[in-house]
$ cat protein_7.cif   # mmCIF, C-alpha atoms
data_target
loop_
_atom_site.group_PDB
_atom_site.id
_atom_site.type_symbol
_atom_site.label_atom_id
_atom_site.label_comp_id
_atom_site.auth_asym_id
_atom_site.auth_seq_id
_atom_site.Cartn_x
_atom_site.Cartn_y
_atom_site.Cartn_z
ATOM 1 C CA MET A 439 9.192 -89.327 105.280
ATOM 2 C CA VAL A 440 8.817 -86.862 108.131
ATOM 3 C CA GLY A 441 12.306 -85.553 107.404
ATOM 4 C CA ILE A 442 11.483 -85.068 103.728
ATOM 5 C CA LYS A 443 8.337 -83.226 104.720
ATOM 6 C CA LYS A 444 10.209 -80.733 106.885
ATOM 7 C CA ALA A 445 12.941 -80.371 104.278
ATOM 8 C CA ILE A 446 10.289 -79.290 101.805
ATOM 9 C CA TYR A 447 9.018 -76.676 104.247
ATOM 10 C CA ILE A 448 12.486 -75.186 104.672
ATOM 11 C CA LEU A 449 13.068 -75.261 100.910
ATOM 12 C CA ILE A 450 9.786 -73.400 100.441
ATOM 13 C CA THR A 451 10.818 -70.755 102.940
ATOM 14 C CA PHE A 452 14.192 -70.345 101.228
ATOM 15 C CA CYS A 453 12.610 -69.972 97.784
ATOM 16 C CA VAL A 454 10.149 -67.347 98.970
ATOM 17 C CA LEU A 455 12.902 -65.479 100.800
ATOM 18 C CA THR A 456 15.113 -65.498 97.710
ATOM 19 C CA ASN A 457 12.241 -64.130 95.624
ATOM 20 C CA LEU A 458 11.550 -61.317 98.089
ATOM 21 C CA ARG A 459 15.230 -60.443 98.357
ATOM 22 C CA ALA A 460 15.394 -60.009 94.600
ATOM 23 C CA GLN A 461 12.396 -57.694 94.629
ATOM 24 C CA SER A 462 13.167 -55.245 97.399
ATOM 25 C CA PRO A 463 14.993 -54.572 100.638
ATOM 26 C CA VAL A 464 13.132 -55.621 103.754
ATOM 27 C CA ASP A 465 11.062 -52.775 105.174
ATOM 28 C CA THR A 466 9.007 -53.083 108.336
ATOM 29 C CA THR A 467 7.013 -49.903 107.706
ATOM 30 C CA TYR A 468 3.685 -49.568 105.885
ATOM 31 C CA SER A 469 3.955 -46.826 103.247
ATOM 32 C CA GLU A 470 0.429 -47.472 101.864
ATOM 33 C CA ASN A 471 1.660 -46.048 98.541
ATOM 34 C CA PHE A 472 -0.207 -48.701 96.615
ATOM 35 C CA LYS A 473 1.375 -50.035 93.421
ATOM 36 C CA PRO A 474 -1.029 -52.309 91.469
ATOM 37 C CA GLY A 475 1.776 -53.705 89.331
ATOM 38 C CA ARG A 476 3.622 -54.967 92.369
ATOM 39 C CA LEU A 477 0.464 -56.520 93.774
ATOM 40 C CA GLY A 478 -0.078 -58.322 90.496
ATOM 41 C CA LEU A 479 3.467 -59.646 90.596
ATOM 42 C CA VAL A 480 3.131 -60.817 94.201
ATOM 43 C CA ALA A 481 -0.291 -62.407 93.592
ATOM 44 C CA GLY A 482 0.858 -64.097 90.403
ATOM 45 C CA SER A 483 4.080 -65.407 91.921
ATOM 46 C CA GLY A 484 2.262 -66.549 95.038
ATOM 47 C CA GLY A 485 -0.434 -68.312 93.024
ATOM 48 C CA VAL A 486 2.072 -70.139 90.825
ATOM 49 C CA PHE A 487 4.125 -71.104 93.862
ATOM 50 C CA TYR A 488 1.081 -72.287 95.827
ATOM 51 C CA GLY A 489 -0.450 -74.306 93.000
ATOM 52 C CA GLY A 490 2.863 -75.680 91.812
ATOM 53 C CA MET A 491 3.946 -76.845 95.260
ATOM 54 C CA LEU A 492 0.653 -78.580 96.011
ATOM 55 C CA THR A 493 0.649 -80.240 92.602
ATOM 56 C CA GLY A 494 4.231 -81.355 93.105
ATOM 57 C CA LEU A 495 3.481 -82.745 96.560
ATOM 58 C CA ALA A 496 0.470 -84.662 95.254
ATOM 59 C CA ALA A 497 2.497 -86.127 92.397
ATOM 60 C CA VAL A 498 5.736 -86.958 94.226
ATOM 61 C CA TRP A 499 5.244 -87.000 97.974
ATOM 62 C CA TYR A 500 2.189 -89.243 98.113
ATOM 63 C CA GLN A 501 2.779 -91.452 95.082
ATOM 64 C CA ASP A 502 3.814 -94.538 97.111
ATOM 65 C CA ASN A 503 1.110 -94.186 99.774
ATOM 66 C CA ASN A 504 -2.468 -95.361 100.050
ATOM 67 C CA TRP A 505 -5.355 -92.925 99.600
ATOM 68 C CA ILE A 506 -8.063 -93.908 102.109
ATOM 69 C CA GLY A 507 -10.016 -90.663 102.334
ATOM 70 C CA LEU A 508 -10.023 -87.911 104.919
ATOM 71 C CA HIS A 509 -9.503 -89.215 108.452
ATOM 72 C CA VAL A 510 -8.267 -87.815 111.745
ATOM 73 C CA LYS A 511 -5.102 -89.024 113.443
ATOM 74 C CA ASN A 512 -4.059 -88.178 117.001
ATOM 75 C CA ASP A 513 -0.289 -87.709 116.903
ATOM 76 C CA ASN A 514 -0.033 -85.425 119.924
ATOM 77 C CA ALA A 515 2.429 -87.672 121.769
ATOM 78 C CA GLY A 516 4.881 -87.881 118.880
ATOM 79 C CA TRP A 517 8.411 -86.502 119.134
ATOM 80 C CA LEU A 518 7.653 -84.883 122.512
ATOM 81 C CA GLN A 519 5.780 -82.200 120.518
ATOM 82 C CA ILE A 520 8.901 -80.842 118.821
ATOM 83 C CA ASP A 521 7.180 -81.294 115.458
ATOM 84 C CA LYS A 522 4.309 -79.067 116.623
ATOM 85 C CA TYR A 523 6.751 -76.296 117.438
ATOM 86 C CA GLY A 524 8.117 -76.802 113.932
ATOM 87 C CA HIS A 525 4.656 -76.339 112.437
ATOM 88 C CA ALA A 526 4.168 -73.089 114.342
ATOM 89 C CA TYR A 527 7.616 -71.851 113.311
ATOM 90 C CA THR A 528 6.972 -72.615 109.636
ATOM 91 C CA THR A 529 3.669 -70.720 109.532
ATOM 92 C CA TYR A 530 5.249 -67.807 111.440
ATOM 93 C CA VAL A 531 8.191 -67.511 109.035
ATOM 94 C CA MET A 532 6.131 -67.960 105.878
ATOM 95 C CA GLY A 533 3.606 -65.426 107.168
ATOM 96 C CA LYS A 534 6.376 -62.954 107.903
ATOM 97 C CA LEU A 535 7.688 -63.342 104.373
ATOM 98 C CA GLY A 536 4.174 -62.923 102.968
ATOM 99 C CA MET A 537 3.605 -59.821 105.077
ATOM 100 C CA ASN A 538 6.841 -58.316 103.792
ATOM 101 C CA ALA A 539 5.732 -58.994 100.212
ATOM 102 C CA MET A 540 2.433 -57.205 100.852
ATOM 103 C CA ARG A 541 4.274 -54.235 102.393
ATOM 104 C CA TRP A 542 6.289 -54.026 99.196
ATOM 105 C CA THR A 543 3.071 -53.605 97.195
ATOM 106 C CA GLY A 544 2.116 -50.554 99.257
ATOM 107 C CA SER A 545 -1.108 -52.192 100.474
ATOM 108 C CA LYS A 546 -2.954 -50.726 103.442
ATOM 109 C CA ARG A 547 -1.613 -51.836 106.797
ATOM 110 C CA LYS A 548 -4.379 -54.223 107.888
ATOM 111 C CA ARG A 549 -4.683 -55.738 104.442
ATOM 112 C CA ALA A 550 -0.941 -56.383 104.335
ATOM 113 C CA ILE A 551 -1.034 -57.913 107.807
ATOM 114 C CA TRP A 552 -4.006 -60.208 107.264
ATOM 115 C CA TYR A 553 -3.397 -61.242 103.665
ATOM 116 C CA GLY A 554 0.373 -61.592 103.907
ATOM 117 C CA GLY A 555 0.455 -62.922 107.451
ATOM 118 C CA SER A 556 -2.070 -65.660 106.647
ATOM 119 C CA PHE A 557 -0.057 -67.099 103.770
ATOM 120 C CA GLY A 558 1.741 -69.687 105.910
ATOM 121 C CA PHE A 559 -1.483 -70.863 107.534
ATOM 122 C CA LEU A 560 -3.214 -71.184 104.156
ATOM 123 C CA PHE A 561 -0.420 -73.261 102.698
ATOM 124 C CA MET A 562 0.053 -75.487 105.738
ATOM 125 C CA THR A 563 -3.700 -76.097 105.988
ATOM 126 C CA SER A 564 -3.693 -77.292 102.386
ATOM 127 C CA VAL A 565 -0.813 -79.664 103.139
ATOM 128 C CA GLU A 566 -2.602 -80.943 106.249
ATOM 129 C CA LEU A 567 -5.745 -81.680 104.234
ATOM 130 C CA LEU A 568 -3.675 -83.642 101.750
ATOM 131 C CA ASP A 569 -2.008 -85.554 104.596
ATOM 132 C CA GLY A 570 -5.446 -86.345 105.983
ATOM 133 C CA ASN A 571 -6.322 -88.501 102.996
ATOM 134 C CA TYR A 572 -3.374 -90.895 103.228
ATOM 135 C CA ALA A 573 -3.002 -93.892 105.509
ATOM 136 C CA GLU A 574 0.518 -93.042 106.685
ATOM 137 C CA TRP A 575 -0.397 -89.626 108.070
ATOM 138 C CA GLY A 576 -3.968 -88.488 108.613
ATOM 139 C CA PHE A 577 -5.384 -85.089 109.511
ATOM 140 C CA SER A 578 -3.881 -83.901 112.794
ATOM 141 C CA PRO A 579 -5.987 -81.393 114.795
ATOM 142 C CA MET A 580 -2.946 -80.471 116.881
ATOM 143 C CA ASP A 581 -0.957 -79.714 113.734
ATOM 144 C CA MET A 582 -3.695 -77.239 112.853
ATOM 145 C CA VAL A 583 -3.563 -75.728 116.339
ATOM 146 C CA ALA A 584 0.200 -75.332 115.954
ATOM 147 C CA ASN A 585 -0.210 -73.785 112.501
ATOM 148 C CA ALA A 586 -2.769 -71.318 113.826
ATOM 149 C CA SER A 587 -0.612 -70.375 116.815
ATOM 150 C CA GLY A 588 2.309 -69.424 114.569
ATOM 151 C CA SER A 589 0.124 -67.191 112.410
ATOM 152 C CA LEU A 590 -1.665 -65.638 115.381
ATOM 153 C CA LEU A 591 1.637 -64.832 117.083
ATOM 154 C CA LEU A 592 2.705 -62.929 113.987
ATOM 155 C CA ILE A 593 -0.586 -61.233 113.085
ATOM 156 C CA GLY A 594 -1.620 -60.461 116.662
ATOM 157 C CA GLN A 595 1.586 -58.606 117.453
ATOM 158 C CA GLU A 596 1.529 -56.681 114.205
ATOM 159 C CA LEU A 597 -2.039 -55.531 114.820
ATOM 160 C CA ALA A 598 -1.458 -54.664 118.483
ATOM 161 C CA PHE A 599 2.078 -53.250 118.458
ATOM 162 C CA LYS A 600 2.893 -52.602 114.765
ATOM 163 C CA LYS A 601 6.031 -54.716 115.257
ATOM 164 C CA GLN A 602 7.240 -58.075 116.503
ATOM 165 C CA ILE A 603 8.105 -57.744 120.176
ATOM 166 C CA LEU A 604 8.268 -61.533 120.512
ATOM 167 C CA THR A 605 10.079 -63.240 117.626
ATOM 168 C CA TYR A 606 9.904 -66.966 116.871
ATOM 169 C CA LYS A 607 13.343 -68.426 116.154
ATOM 170 C CA PHE A 608 15.056 -71.741 115.447
ATOM 171 C CA SER A 609 18.430 -73.321 116.177
ATOM 172 C CA TYR A 610 20.001 -76.708 115.560
ATOM 173 C CA HIS A 611 22.990 -78.642 116.877
ATOM 174 C CA HIS A 612 24.258 -81.998 115.666
ATOM 175 C CA THR A 613 23.534 -85.085 117.804
ATOM 176 C CA GLU A 614 24.977 -88.578 117.699
ATOM 177 C CA LEU A 615 21.524 -90.204 117.744
ATOM 178 C CA ALA A 616 21.065 -89.704 114.008
ATOM 179 C CA GLN A 617 23.792 -92.300 113.419
ATOM 180 C CA GLN A 618 21.648 -94.950 115.097
ATOM 181 C CA ARG A 619 18.625 -94.414 112.815
ATOM 182 C CA PRO A 620 19.815 -92.502 109.722
ATOM 183 C CA ASN A 621 16.743 -93.590 107.738
ATOM 184 C CA VAL A 622 14.542 -91.696 110.225
ATOM 185 C CA LEU A 623 16.787 -88.956 111.633
ATOM 186 C CA GLY A 624 18.775 -88.155 108.501
ATOM 187 C CA ASP A 625 21.817 -89.589 106.772
ATOM 188 C CA THR A 626 23.510 -86.320 105.754
ATOM 189 C CA ASP A 627 24.317 -83.116 107.627
ATOM 190 C CA LEU A 628 21.626 -81.185 105.761
ATOM 191 C CA SER A 629 18.913 -83.816 106.160
ATOM 192 C CA ARG A 630 19.617 -84.039 109.906
ATOM 193 C CA VAL A 631 18.864 -80.345 110.356
ATOM 194 C CA VAL A 632 15.271 -81.036 109.328
ATOM 195 C CA ALA A 633 14.877 -84.670 110.422
ATOM 196 C CA ASP A 634 16.752 -85.005 113.715
ATOM 197 C CA TYR A 635 14.324 -83.533 116.242
ATOM 198 C CA ASN A 636 16.861 -84.186 119.010
ATOM 199 C CA GLY A 637 19.010 -81.290 117.823
ATOM 200 C CA GLN A 638 16.251 -78.766 117.176
ATOM 201 C CA THR A 639 15.398 -75.943 119.568
ATOM 202 C CA PHE A 640 12.583 -73.441 119.123
ATOM 203 C CA TRP A 641 12.795 -70.046 120.782
ATOM 204 C CA LEU A 642 10.559 -67.142 121.697
ATOM 205 C CA SER A 643 12.839 -64.106 121.738
ATOM 206 C CA LEU A 644 11.608 -61.005 123.598
ATOM 207 C CA ASN A 645 12.934 -57.561 122.708
ATOM 208 C CA LEU A 646 13.785 -55.919 126.042
ATOM 209 C CA ARG A 647 13.707 -52.327 124.849
ATOM 210 C CA SER A 648 10.171 -52.809 123.510
ATOM 211 C CA VAL A 649 9.046 -53.813 127.003
ATOM 212 C CA PHE A 650 11.213 -51.421 129.038
ATOM 213 C CA LYS A 651 10.838 -48.432 126.739
ATOM 214 C CA HIS A 652 12.410 -45.831 129.005
ATOM 215 C CA GLN A 653 15.492 -47.844 129.937
ATOM 216 C CA GLU A 654 17.838 -46.243 127.424
ATOM 217 C CA PHE A 655 20.846 -48.175 128.715
ATOM 218 C CA LEU A 656 19.365 -51.262 127.056
ATOM 219 C CA PRO A 657 20.476 -51.658 123.431
ATOM 220 C CA LYS A 658 17.549 -51.665 121.008
ATOM 221 C CA TRP A 659 18.733 -54.984 119.597
ATOM 222 C CA LEU A 660 19.027 -56.893 122.913
ATOM 223 C CA ASN A 661 16.617 -59.790 123.416
ATOM 224 C CA PHE A 662 15.920 -62.331 126.147
ATOM 225 C CA SER A 663 14.960 -65.792 124.878
ATOM 226 C CA GLY A 664 13.265 -68.900 126.191
ATOM 227 C CA GLY A 665 13.712 -72.137 124.266
ATOM 228 C CA TYR A 666 12.303 -75.653 124.139
ATOM 229 C CA GLY A 667 13.975 -78.824 122.922
ATOM 230 C CA ALA A 668 13.968 -82.569 123.582
ATOM 231 C CA TYR A 669 16.421 -85.453 123.400
ATOM 232 C CA GLY A 670 16.521 -89.238 123.261
ATOM 233 C CA MET A 671 13.965 -89.683 120.474
ATOM 234 C CA LEU A 672 14.709 -92.494 118.029
ATOM 235 C CA SER A 673 11.098 -92.670 116.849
ATOM 236 C CA ALA A 674 7.897 -90.712 117.298
ATOM 237 C CA GLU A 675 6.609 -92.300 120.519
ATOM 238 C CA ASN A 676 8.549 -95.373 121.674
ATOM 239 C CA ASN A 677 12.231 -95.968 121.059
ATOM 240 C CA PRO A 678 12.995 -99.272 119.333
ATOM 241 C CA LEU A 679 15.930 -101.471 120.245
ATOM 242 C CA ILE A 680 18.801 -100.841 117.819
ATOM 243 C CA TYR A 681 20.982 -103.790 116.858
ATOM 244 C CA ASP A 682 24.665 -102.992 116.241
ATOM 245 C CA SER A 683 26.081 -105.419 113.697
ATOM 246 C CA ASP A 684 29.662 -104.471 114.597
ATOM 247 C CA THR A 685 29.367 -105.477 118.254
ATOM 248 C CA ARG A 686 26.607 -108.032 117.569
ATOM 249 C CA SER A 687 24.550 -106.648 120.403
ATOM 250 C CA TYR A 688 21.772 -104.145 121.050
ATOM 251 C CA LEU A 689 22.736 -100.567 121.775
ATOM 252 C CA PRO A 690 21.938 -99.206 125.255
ATOM 253 C CA THR A 691 18.475 -97.734 125.596
ATOM 254 C CA VAL A 692 18.171 -93.957 125.387
ATOM 255 C CA GLU A 693 16.074 -91.990 127.857
ATOM 256 C CA ARG A 694 13.760 -89.375 126.401
ATOM 257 C CA TYR A 695 13.594 -85.989 128.126
ATOM 258 C CA ARG A 696 12.589 -82.365 127.586
ATOM 259 C CA SER A 697 14.874 -79.350 127.930
ATOM 260 C CA TYR A 698 14.081 -75.710 128.627
ATOM 261 C CA TYR A 699 16.537 -72.908 127.920
ATOM 262 C CA LEU A 700 17.133 -69.295 128.936
ATOM 263 C CA SER A 701 19.513 -67.139 126.933
ATOM 264 C CA LEU A 702 20.273 -63.688 125.551
ATOM 265 C CA ASP A 703 19.733 -63.016 121.864
ATOM 266 C CA ILE A 704 20.046 -60.372 119.147
ATOM 267 C CA ASP A 705 17.077 -58.776 117.391
ATOM 268 C CA PHE A 706 18.518 -57.974 113.974
ATOM 269 C CA ASP A 707 15.341 -56.172 112.926
ATOM 270 C CA LYS A 708 16.200 -53.486 115.500
ATOM 271 C CA ILE A 709 19.668 -52.773 114.080
ATOM 272 C CA GLU A 710 19.409 -49.579 112.054
ATOM 273 C CA THR A 711 21.077 -49.459 108.650
ATOM 274 C CA ARG A 712 20.537 -47.770 105.295
ATOM 275 C CA SER A 713 22.073 -50.660 103.398
ATOM 276 C CA LYS A 714 19.489 -52.602 101.384
ATOM 277 C CA PHE A 715 21.740 -55.646 101.463
ATOM 278 C CA LEU A 716 22.133 -55.541 105.246
ATOM 279 C CA LYS A 717 18.398 -55.062 105.766
ATOM 280 C CA SER A 718 17.689 -58.238 103.825
ATOM 281 C CA THR A 719 20.531 -60.086 105.534
ATOM 282 C CA PHE A 720 19.288 -59.036 108.982
ATOM 283 C CA PHE A 721 15.771 -60.150 108.081
ATOM 284 C CA PHE A 722 17.080 -63.638 107.327
ATOM 285 C CA LEU A 723 19.338 -63.778 110.392
ATOM 286 C CA ASN A 724 16.415 -62.872 112.639
ATOM 287 C CA MET A 725 14.829 -66.243 111.877
ATOM 288 C CA ILE A 726 17.717 -67.953 113.703
ATOM 289 C CA LYS A 727 18.713 -67.883 117.369
ATOM 290 C CA ILE A 728 22.295 -66.618 117.705
ATOM 291 C CA PRO A 729 24.499 -68.921 119.852
ATOM 292 C CA LEU A 730 25.142 -67.173 123.180
ATOM 293 C CA PRO A 731 25.587 -68.304 126.825
ATOM 294 C CA THR A 732 22.565 -70.436 127.741
ATOM 295 C CA LEU A 733 21.153 -71.963 130.900
ATOM 296 C CA GLU A 734 19.447 -75.358 130.484
ATOM 297 C CA PHE A 735 16.903 -77.072 132.738
ATOM 298 C CA ASN A 736 15.701 -80.548 131.811
ATOM 299 C CA THR A 737 13.235 -83.149 133.056
ATOM 300 C CA LEU A 738 16.108 -85.325 134.282
ATOM 301 C CA GLY A 739 16.540 -82.754 137.047
ATOM 302 C CA GLU A 740 19.776 -81.386 135.598
ATOM 303 C CA GLN A 741 20.894 -77.783 135.256
ATOM 304 C CA LYS A 742 23.615 -76.905 132.771
ATOM 305 C CA LEU A 743 25.361 -73.722 131.698
ATOM 306 C CA HIS A 744 26.425 -73.743 128.060
ATOM 307 C CA PRO A 745 29.032 -71.077 127.117
ATOM 308 C CA PHE A 746 27.505 -71.097 123.623
ATOM 309 C CA PHE A 747 24.439 -73.061 122.633
ATOM 310 C CA PHE A 748 22.882 -73.447 119.209
#

$ encode --input "protein_7.cif" --output "structure tokens"
Amino acid sequence: MVGIKKAIYILITFCVLTNLRAQSPVDTTYSENFKPGRLGLVAGSGGVFYGGMLTGLAAVWYQDNNWIGLHVKNDNAGWLQIDKYGHAYTTYVMGKLGMNAMRWTGSKRKRAIWYGGSFGFLFMTSVELLDGNYAEWGFSPMDMVANASGSLLLIGQELAFKKQILTYKFSYHHTELAQQRPNVLGDTDLSRVVADYNGQTFWLSLNLRSVFKHQEFLPKWLNFSGGYGAYGMLSAENNPLIYDSDTRSYLPTVERYRSYYLSLDIDFDKIETRSKFLKSTFFFLNMIKIPLPTLEFNTLGEQKLHPFFF
């Protein structure tokens, strides 16, 4: 069910992105040339989307689970916190999309930042409150902390710098662990992207030219990224023994460990173009970490250099 949950989040992000792409090219400036008709369209679309998604989740997602009332669940140790990074990423991306929609309406800068940037947090809080009433999940305070951190990263930078110096990104690579527990880690390539935490990496990508403003030899689009991932997780907290019916024996145990990454990256928002299509394409690409040479450090004490890592 965790995989389905994250798949829904990504589907939501894709739907919102598609809607924004149809409306306008991505623009990171604040014209403040207010257009009430556009605001009405954004508010109406957002309201229908918000209400429809929550209604759909209540009707489909929770239908086979027990309602026991609002209760708190401590899931901090689960999945070596990869899921928390996923929560923060989701609120960051949805907030960025909401902020772009508010820019399109010509709203004043702070209103666009706060109203649009808070959209992801509002939606994820609603989902968390729904989760909190069912026995299988429960309300997770750390999920809320993660949600808030994603929104604050977005809104704080926009208020302080009028741009995103530090961009939150995501990458995924296929792992063989999903084959051992396909019901948990995904049984198709697409489902594994959202369910197999072992292959997910979350990045904070720093734009170098924004920090070293007078170093003109640095390309405006060049970033330096730090990433976090984990491996060896067959369940949330403790790996179960997996019985292989072909060999009639249990598979070897898998050690869980954390990995930290350093890499270069591309900030597509900093690539100048007059093409409306390219602006929208770059906006989408900037949600993803581009595979480039990467140095890995992990809690097994290993150091690895990956020619290309995704």

$ resolve_selection --input "protein_7.cif" --expression "the PyMOL selection byres ((chain A and resi 520) around 10)" --output "list in words"
Ala515, Gly516, Trp517, Leu518, Gln519, Asp521, Lys522, Tyr523, Gly524, His525, Tyr635, Asn636, Gln638, Thr639, Phe640, Tyr666, Gly667, Ala668, Tyr669 and Arg696 of chain A

$ closest_residue --input "protein_7.cif" --among "A:Phe557, A:Leu672, A:Ile593, A:Leu656" --to "Gly624 (chain A)" --atoms "all atoms listed in the file"
A:Leu672

$ atom_distance --input "protein_7.cif" --atom1 "CA of Asn736 (chain A)" --atom2 "CA of Glu675 (chain A)"
18.7 Å

$ atom_distance --input "protein_7.cif" --atom1 "CA of Ser663 (chain A)" --atom2 "CA of Leu723 (chain A)"
15.3 Å

$ closest_residue --input "protein_7.cif" --among "A:Phe472, A:Phe746, A:Phe487, A:Phe722" --to "Arg549 (chain A)" --atoms "only C-alpha atoms"
A:Phe472

$ resolve_selection --input "protein_7.cif" --expression "the PyMOL selection byres ((chain A and resi 545) around 6)" --output "list in words"
Glu470, Phe472, Thr543, Gly544, Lys546 and Ala550 of chain A

$ axis_aligned_box --input "protein_7.cif" --around "region 519-531 of chain A" --padding-each-side "8 Å" --output "AutoDock Vina command-line options"
--center_x 6.3 --center_y -74.9 --center_z 114.8 --size_x 21.2 --size_y 30.7 --size_z 27.5

$ residues_around --input "protein_7.cif" --residues "Phe559 (chain A)" --least-positions-apart "5" --cutoff "7 Å" --atoms "all atoms listed in the file" --output "MDAnalysis selection string"
chainID A and resid 529 585:586 589

$ resolve_selection --input "protein_7.cif" --expression "the PyMOL selection byres ((chain A and resi 596) around 12)" --output "CSV table (one decimal) with C-alpha atoms, in the frame of the given file"
chain,number,residue,atom,x,y,z
A,466,THR,CA,9.0,-53.1,108.3
A,467,THR,CA,7.0,-49.9,107.7
A,468,TYR,CA,3.7,-49.6,105.9
A,533,GLY,CA,3.6,-65.4,107.2
A,534,LYS,CA,6.4,-63.0,107.9
A,537,MET,CA,3.6,-59.8,105.1
A,538,ASN,CA,6.8,-58.3,103.8
A,547,ARG,CA,-1.6,-51.8,106.8
A,548,LYS,CA,-4.4,-54.2,107.9
A,549,ARG,CA,-4.7,-55.7,104.4
A,550,ALA,CA,-0.9,-56.4,104.3
A,551,ILE,CA,-1.0,-57.9,107.8
A,552,TRP,CA,-4.0,-60.2,107.3
A,554,GLY,CA,0.4,-61.6,103.9
A,555,GLY,CA,0.5,-62.9,107.5
A,589,SER,CA,0.1,-67.2,112.4
A,590,LEU,CA,-1.7,-65.6,115.4
A,591,LEU,CA,1.6,-64.8,117.1
A,592,LEU,CA,2.7,-62.9,114.0
A,593,ILE,CA,-0.6,-61.2,113.1
A,594,GLY,CA,-1.6,-60.5,116.7
A,595,GLN,CA,1.6,-58.6,117.5
A,597,LEU,CA,-2.0,-55.5,114.8
A,598,ALA,CA,-1.5,-54.7,118.5
A,599,PHE,CA,2.1,-53.2,118.5
A,600,LYS,CA,2.9,-52.6,114.8
A,601,LYS,CA,6.0,-54.7,115.3
A,602,GLN,CA,7.2,-58.1,116.5
A,603,ILE,CA,8.1,-57.7,120.2
A,604,LEU,CA,8.3,-61.5,120.5
A,605,THR,CA,10.1,-63.2,117.6

$ residues_around --input "protein_7.cif" --residues "Arg630 (chain A)" --least-positions-apart "5" --cutoff "8 Å" --atoms "all atoms listed in the file" --output "NGL selection string"
:A and (441 or 612 or 616 or 623-625)

$ residues_near_point --input "protein_7.cif" --point "(15.5, -65.1, 112.7)" --cutoff "10 Å" --atoms "only C-alpha atoms" --output "number ranges by chain"
A: 531, 605-609, 641, 643, 704-707, 720-728

$ closest_residue --input "protein_7.cif" --among "A:Asn504, A:Ser701, A:Thr719, A:Ser673" --to "His744 (chain A)" --atoms "all atoms listed in the file"
A:Ser701

$ residues_around --input "protein_7.cif" --residues "Ser564 (chain A)" --least-positions-apart "4" --cutoff "12 Å" --atoms "only C-alpha atoms" --output "PDB file with C-alpha atoms, in the coordinates of the input"
ATOM      1  CA  TYR A 488       1.081 -72.287  95.827  1.00  0.00           C
ATOM      2  CA  GLY A 489      -0.450 -74.306  93.000  1.00  0.00           C
ATOM      3  CA  MET A 491       3.946 -76.845  95.260  1.00  0.00           C
ATOM      4  CA  LEU A 492       0.653 -78.580  96.011  1.00  0.00           C
ATOM      5  CA  THR A 493       0.649 -80.240  92.602  1.00  0.00           C
ATOM      6  CA  LEU A 495       3.481 -82.745  96.560  1.00  0.00           C
ATOM      7  CA  ALA A 496       0.470 -84.662  95.254  1.00  0.00           C
ATOM      8  CA  PHE A 557      -0.057 -67.099 103.770  1.00  0.00           C
ATOM      9  CA  GLY A 558       1.741 -69.687 105.910  1.00  0.00           C
ATOM     10  CA  PHE A 559      -1.483 -70.863 107.534  1.00  0.00           C
ATOM     11  CA  LEU A 560      -3.214 -71.184 104.156  1.00  0.00           C
ATOM     12  CA  LEU A 568      -3.675 -83.642 101.750  1.00  0.00           C
ATOM     13  CA  ASP A 569      -2.008 -85.554 104.596  1.00  0.00           C
ATOM     14  CA  GLY A 570      -5.446 -86.345 105.983  1.00  0.00           C
ATOM     15  CA  ASN A 571      -6.322 -88.501 102.996  1.00  0.00           C
ATOM     16  CA  PHE A 577      -5.384 -85.089 109.511  1.00  0.00           C
ATOM     17  CA  ASP A 581      -0.957 -79.714 113.734  1.00  0.00           C
ATOM     18  CA  MET A 582      -3.695 -77.239 112.853  1.00  0.00           C
ATOM     19  CA  ASN A 585      -0.210 -73.785 112.501  1.00  0.00           C
TER      20      ASN A 585
END

$ build_atoms --input "protein_7.cif" --residues "region 603-612 of chain A" --atoms "N, CA and C atoms" --output "short mmCIF file (atom, residue, chain, number, x, y, z; two decimals), keeping the file's coordinate frame"
data_model
loop_
_atom_site.label_atom_id
_atom_site.label_comp_id
_atom_site.auth_asym_id
_atom_site.auth_seq_id
_atom_site.Cartn_x
_atom_site.Cartn_y
_atom_site.Cartn_z
N ILE A 603 7.40 -57.82 118.89
CA ILE A 603 8.10 -57.74 120.18
C ILE A 603 8.65 -59.12 120.55
N LEU A 604 7.90 -60.15 120.22
CA LEU A 604 8.27 -61.53 120.51
C LEU A 604 8.49 -62.25 119.18
N THR A 605 9.73 -62.63 118.91
CA THR A 605 10.08 -63.24 117.63
C THR A 605 10.30 -64.74 117.79
N TYR A 606 9.75 -65.51 116.86
CA TYR A 606 9.90 -66.97 116.87
C TYR A 606 11.18 -67.33 116.11
N LYS A 607 12.07 -68.10 116.77
CA LYS A 607 13.34 -68.43 116.15
C LYS A 607 13.65 -69.93 116.27
N PHE A 608 14.68 -70.33 115.53
CA PHE A 608 15.06 -71.74 115.45
C PHE A 608 16.57 -71.88 115.57
N SER A 609 17.01 -72.97 116.19
CA SER A 609 18.43 -73.32 116.18
C SER A 609 18.58 -74.84 116.11
N TYR A 610 19.75 -75.27 115.70
CA TYR A 610 20.00 -76.71 115.56
C TYR A 610 21.45 -77.01 115.92
N HIS A 611 21.65 -78.13 116.62
CA HIS A 611 22.99 -78.64 116.88
C HIS A 611 23.01 -80.13 116.55
N HIS A 612 24.12 -80.60 116.07
CA HIS A 612 24.26 -82.00 115.67
C HIS A 612 24.22 -82.92 116.88
#
